[in-house]
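J.: Take a look at the following structure, please.
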Amino acid sequence: MSTVMHAKESGSTDDLLQIAGRSYRSRLLVGTGKYRDLDETRRAIEASGAEIVTVAIRRTNIGQNPDEPSLLEVISPGQYTLLPNTAGCYTAEDAVRTCRLARELLDGHKLVKLEVLGDEKTLFPDITETLKATEILIKDGFGIMVYTNDDPIIAKRLEEMGCIAVMPLAAPIGSGLGIRNPYNILTIVENANVPILVDAGVGCASDAAIAMELGCHGVLMNTAIAGAGKPVLMASAMKKAIEAGRESYLAGRIPRKRFASASSPVDGVFF
């Protein structure tokens with residue numbers, strides 16, 4: 001059953017992002033890495049308005065190291081939906097193990113972001129290992145939001161396997177290159193019956209707006225905010241860009257034309 005309607009809803013308060021049976025007003029999802037300290041992390045997330053926050057289980061302390069500061073001190077599970085991710089995993093086995101650790105640390109939490117990387121240089125997804133991990137985790141009862149490349153065929157395959165959201169990259173992780181293949185993303189959106197969220201490659205607010213204008217249901221980012229000169233200010237800019245891009249998509253853009261078209265009617269002009 002579809003978890004999202006692709007009809008262009010009216011831009012009302014009912015225009016909510018649906019993920020795993022829950023509704024969210026914010027379509028911006030944010031990460032927690034690369035900030036200067038936990039206080040900056042907290043302030044940036046608050047400025048972003050995000051309600052879903054992703055956490056790299058292999059790199060972030062959420063209780064597995066009791067003698068170190070915990071990220072949960074600034075992002076309470078009561079305030080945000082935590083999205084544990086498998087960043088840093090290069091095999092299906094490591095990814096599955098990491099998801100199961102997250103479930104244990106977070107009292108049975110089953111919503112996870114799956115990413116299985118191919119190599120350290122490109123951080124592109126290893127699709128073979130991703131498909132393998134997806135099958136195992138879905139059988140184990142996890143709700144999978146999956147990082148993949150911008151291949152419409154693979155995106156559809158992951159949806160058909162039971163992923164609750166598909167997250168194609170716009171460009172390599174942390175590159176800030178923006179959406180390199182907009183027509184691939186558009187094709188993925190047009191053929192999907194689950195939320196499509198751009199993941200990786202966003203560098204500035206206009207990149208986020210473009211993703212939303214293509215019809216994506218949300219955008220996940222980390223480096224674009226945490227790596228900015230003023231992360232809290234950039235988080236605020238991204239919030240506005242997501243909202244503007246969504247409204248622009250719902251409003252329906254004018255068609256592109258080769259030549260000019262007068263803004264005012266010329267019929268009946270007498271001088």
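All residue names refer to the structure tokens as shown: chains lettered A, B, ... in order, residues numbered from 1 in each chain, ligands numbered from 1 in order.
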With only C-alpha atoms as the counted atoms, please give the residues lying no more than 12 Å from Gly203 of chain A, apart from itself and same-chain residues fewer than 3 positions off, as a ChimeraX atom specification.

T.: /A:170-180,199-200,206-211,219-228,234-235,237-238

J.: Could you write out, as a CSV table (one decimal) with N, CA, C and O atoms, in the first residue's frame, all the residues of segment 152-231 of chain A that DSSP marks as helix (DSSP H, G or I)?

T.:
chain,number,residue,atom,x,y,z
A,152,PRO,N,16.7,4.7,-11.6
A,152,PRO,CA,15.3,4.5,-11.4
A,152,PRO,C,14.9,3.0,-11.2
A,152,PRO,O,14.0,2.6,-10.5
A,153,ILE,N,15.7,2.1,-11.9
A,153,ILE,CA,15.4,0.7,-11.8
A,153,ILE,C,15.7,0.1,-10.4
A,153,ILE,O,14.9,-0.6,-9.8
A,154,ILE,N,16.8,0.5,-9.9
A,154,ILE,CA,17.2,0.0,-8.5
A,154,ILE,C,16.3,0.6,-7.5
A,154,ILE,O,15.9,0.0,-6.5
A,155,ALA,N,15.9,1.9,-7.7
A,155,ALA,CA,15.0,2.6,-6.7
A,155,ALA,C,13.7,1.8,-6.7
A,155,ALA,O,13.1,1.6,-5.6
A,156,LYS,N,13.2,1.4,-7.8
A,156,LYS,CA,11.9,0.7,-7.9
A,156,LYS,C,12.1,-0.7,-7.2
A,156,LYS,O,11.2,-1.2,-6.5
A,157,ARG,N,13.2,-1.3,-7.5
A,157,ARG,CA,13.4,-2.7,-6.9
A,157,ARG,C,13.4,-2.6,-5.4
A,157,ARG,O,12.8,-3.4,-4.7
A,158,LEU,N,14.1,-1.6,-4.8
A,158,LEU,CA,14.1,-1.4,-3.4
A,158,LEU,C,12.7,-1.2,-2.8
A,158,LEU,O,12.4,-1.7,-1.8
A,159,GLU,N,11.9,-0.4,-3.5
A,159,GLU,CA,10.5,-0.2,-3.1
A,159,GLU,C,9.8,-1.5,-3.1
A,159,GLU,O,9.1,-1.8,-2.1
A,160,GLU,N,9.9,-2.3,-4.2
A,160,GLU,CA,9.2,-3.5,-4.3
A,160,GLU,C,9.6,-4.5,-3.2
A,160,GLU,O,8.8,-5.4,-2.8
A,161,MET,N,10.8,-4.4,-2.7
A,161,MET,CA,11.3,-5.3,-1.7
A,161,MET,C,10.7,-5.0,-0.3
A,161,MET,O,10.7,-5.8,0.6
A,182,PRO,N,19.0,15.5,-12.5
A,182,PRO,CA,17.7,15.8,-12.1
A,182,PRO,C,16.6,15.0,-12.8
A,182,PRO,O,15.6,14.7,-12.2
A,183,TYR,N,16.8,14.6,-14.1
A,183,TYR,CA,15.8,13.8,-14.8
A,183,TYR,C,15.8,12.4,-14.2
A,183,TYR,O,14.7,11.7,-14.2
A,184,ASN,N,16.9,11.8,-13.7
A,184,ASN,CA,16.9,10.6,-13.0
A,184,ASN,C,16.0,10.7,-11.8
A,184,ASN,O,15.2,9.8,-11.5
A,185,ILE,N,16.3,11.7,-11.0
A,185,ILE,CA,15.5,11.9,-9.8
A,185,ILE,C,14.0,12.0,-10.1
A,185,ILE,O,13.1,11.5,-9.4
A,186,LEU,N,13.7,12.8,-11.1
A,186,LEU,CA,12.3,13.0,-11.5
A,186,LEU,C,11.7,11.7,-11.9
A,186,LEU,O,10.5,11.4,-11.5
A,187,THR,N,12.4,10.9,-12.7
A,187,THR,CA,11.8,9.6,-13.0
A,187,THR,C,11.6,8.7,-11.8
A,187,THR,O,10.6,8.0,-11.7
A,188,ILE,N,12.5,8.7,-10.9
A,188,ILE,CA,12.3,7.9,-9.6
A,188,ILE,C,11.0,8.4,-8.9
A,188,ILE,O,10.2,7.6,-8.5
A,189,VAL,N,10.9,9.7,-8.8
A,189,VAL,CA,9.7,10.3,-8.1
A,189,VAL,C,8.4,9.9,-8.8
A,189,VAL,O,7.4,9.4,-8.2
A,190,GLU,N,8.4,10.0,-10.1
A,190,GLU,CA,7.2,9.7,-10.9
A,190,GLU,C,6.7,8.3,-10.9
A,190,GLU,O,5.6,8.0,-11.0
A,205,ALA,N,21.1,26.2,-0.2
A,205,ALA,CA,19.6,26.3,-0.1
A,205,ALA,C,19.0,26.0,-1.5
A,205,ALA,O,17.9,25.4,-1.6
A,206,SER,N,19.5,26.6,-2.5
A,206,SER,CA,18.9,26.4,-3.9
A,206,SER,C,18.9,24.9,-4.3
A,206,SER,O,18.0,24.5,-5.0
A,207,ASP,N,19.9,24.1,-3.9
A,207,ASP,CA,19.9,22.7,-4.2
A,207,ASP,C,18.7,22.0,-3.5
A,207,ASP,O,18.1,21.2,-4.1
A,208,ALA,N,18.5,22.4,-2.3
A,208,ALA,CA,17.3,21.8,-1.6
A,208,ALA,C,16.0,22.2,-2.2
A,208,ALA,O,15.1,21.3,-2.4
A,209,ALA,N,15.9,23.4,-2.6
A,209,ALA,CA,14.7,23.9,-3.3
A,209,ALA,C,14.4,23.1,-4.6
A,209,ALA,O,13.3,22.7,-4.9
A,210,ILE,N,15.5,22.9,-5.4
A,210,ILE,CA,15.4,22.2,-6.6
A,210,ILE,C,14.9,20.8,-6.4
A,210,ILE,O,14.0,20.3,-7.1
A,211,ALA,N,15.4,20.1,-5.4
A,211,ALA,CA,15.0,18.8,-5.1
A,211,ALA,C,13.5,18.7,-4.8
A,211,ALA,O,12.8,17.9,-5.3
A,212,MET,N,13.0,19.7,-4.1
A,212,MET,CA,11.6,19.7,-3.7
A,212,MET,C,10.8,20.1,-4.9
A,212,MET,O,9.7,19.6,-5.1
A,213,GLU,N,11.3,21.0,-5.8
A,213,GLU,CA,10.5,21.3,-7.0
A,213,GLU,C,10.4,20.2,-8.0
A,213,GLU,O,9.5,20.1,-8.8
A,223,THR,N,26.4,17.6,5.9
A,223,THR,CA,27.6,18.4,5.6
A,223,THR,C,27.2,19.8,5.2
A,223,THR,O,27.9,20.8,5.6
A,224,ALA,N,26.1,19.9,4.4
A,224,ALA,CA,25.7,21.2,3.9
A,224,ALA,C,25.5,22.2,5.0
A,224,ALA,O,25.7,23.4,4.9
A,225,ILE,N,25.0,21.7,6.1
A,225,ILE,CA,24.7,22.5,7.3
A,225,ILE,C,25.9,22.6,8.2
A,225,ILE,O,26.5,23.6,8.5
A,226,ALA,N,26.4,21.4,8.7
A,226,ALA,CA,27.5,21.3,9.7
A,226,ALA,C,28.8,21.9,9.1
A,226,ALA,O,29.6,22.5,9.9
A,231,PRO,N,26.8,27.4,10.7
A,231,PRO,CA,25.8,26.2,10.6
A,231,PRO,C,24.4,26.5,11.0
A,231,PRO,O,23.5,26.1,10.3

J.: Can you measure atom CA of Arg100 of chain A to atom CA of Ala87 of chain A for me? One decimal in Å is fine.

T.: 14.0 Å

J.: Restricting the calculation to only C-alpha atoms, which member of A:Leu16, A:Val116, A:Ile57, A:Leu28 is positioned closest to Leu197 of chain A?

T.: A:Leu28

J.: What gap, in Å, lies between atom CA of Thr98 of chain A and atom CA of Pro84 of chain A?

T.: 8.9 Å

J.: Using only C-alpha atoms, can you tell me which of A:Ala133, A:Leu123, A:Val112, A:Val74 comes closest to Ala92 of chain A?

T.: A:Ala133

J.: Excluding same-chain residues fewer than 4 positions from Leu169 of chain A, what lies within 7 Å of it counting only C-alpha atoms, as a PyMOL selection string?

T.: chain A and resi 148-150+198-201

J.: Output all heavy atoms for every residue in the selection just made, as a short mmCIF file (atom, residue, chain, number, x, y, z; two decimals), in the first residue's frame.

T.:
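And here's out19.cif as it stands now:
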data_model
loop_
_atom_site.label_atom_id
_atom_site.label_comp_id
_atom_site.auth_asym_id
_atom_site.auth_seq_id
_atom_site.Cartn_x
_atom_site.Cartn_y
_atom_site.Cartn_z
N THR A 148 20.62 4.97 -1.88
CA THR A 148 20.95 4.29 -3.12
C THR A 148 21.46 5.30 -4.14
O THR A 148 21.55 6.50 -3.87
CB THR A 148 19.72 3.53 -3.66
OG1 THR A 148 20.08 2.81 -4.83
CG2 THR A 148 18.58 4.49 -3.98
N ASN A 149 21.83 4.80 -5.32
CA ASN A 149 22.22 5.71 -6.39
C ASN A 149 20.98 6.26 -7.09
O ASN A 149 19.85 5.95 -6.69
CB ASN A 149 23.19 5.03 -7.37
CG ASN A 149 22.60 3.78 -7.97
OD1 ASN A 149 21.38 3.62 -8.09
ND2 ASN A 149 23.47 2.85 -8.36
N ASP A 150 21.17 7.04 -8.12
CA ASP A 150 20.01 7.67 -8.77
C ASP A 150 19.53 6.86 -9.97
O ASP A 150 19.10 7.42 -10.98
CB ASP A 150 20.34 9.11 -9.18
CG ASP A 150 21.54 9.20 -10.11
OD1 ASP A 150 22.11 8.15 -10.45
OD2 ASP A 150 21.92 10.33 -10.48
N VAL A 198 15.85 13.01 -1.34
CA VAL A 198 17.22 13.19 -1.80
C VAL A 198 18.17 13.09 -0.61
O VAL A 198 17.94 13.69 0.44
CB VAL A 198 17.38 14.54 -2.52
CG1 VAL A 198 18.85 14.98 -2.53
CG2 VAL A 198 16.88 14.44 -3.95
N ASP A 199 19.22 12.32 -0.79
CA ASP A 199 20.17 12.08 0.29
C ASP A 199 21.58 12.19 -0.28
O ASP A 199 21.98 11.37 -1.09
CB ASP A 199 19.94 10.69 0.88
CG ASP A 199 20.91 10.35 2.00
OD1 ASP A 199 21.58 11.27 2.50
OD2 ASP A 199 20.98 9.17 2.38
N ALA A 200 22.32 13.18 0.14
CA ALA A 200 23.73 13.37 -0.22
C ALA A 200 23.88 14.29 -1.42
O ALA A 200 23.17 14.17 -2.42
CB ALA A 200 24.44 12.05 -0.51
N GLY A 201 24.84 15.23 -1.30
CA GLY A 201 25.22 16.09 -2.41
C GLY A 201 24.70 17.50 -2.35
O GLY A 201 25.17 18.36 -3.09
#

J.: One decimal, Å: what's the distance from atom CA of Glu247 of chain A over to atom CA of Lys230 of chain A, could you say?

T.: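 Taking atom CA of Glu247 of chain A and atom CA of Lys230 of chain A, their separation equals 26.0 Å.
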
J.: Between A:Glu129, A:Glu73, A:Glu115, A:Glu46, which has the minimum distance to Pro168 of chain A (counting only C-alpha atoms)?

T.: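 Among the listed residues, the smallest separation from Pro168 of chain A belongs to A:Glu115.
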
J.: Taking 3 positions as the minimum chain separation for residues in the same chain, which residues sit within 10 Å of Ser248 of chain A when counting only C-alpha atoms? Answer as a list in words.

T.: Gly11, Ala209, Ile210, Met212, Glu213, Leu214, Gly215, Ile242, Glu243, Ala244, Gly245, Ala251, Gly252 and Arg253 of chain A
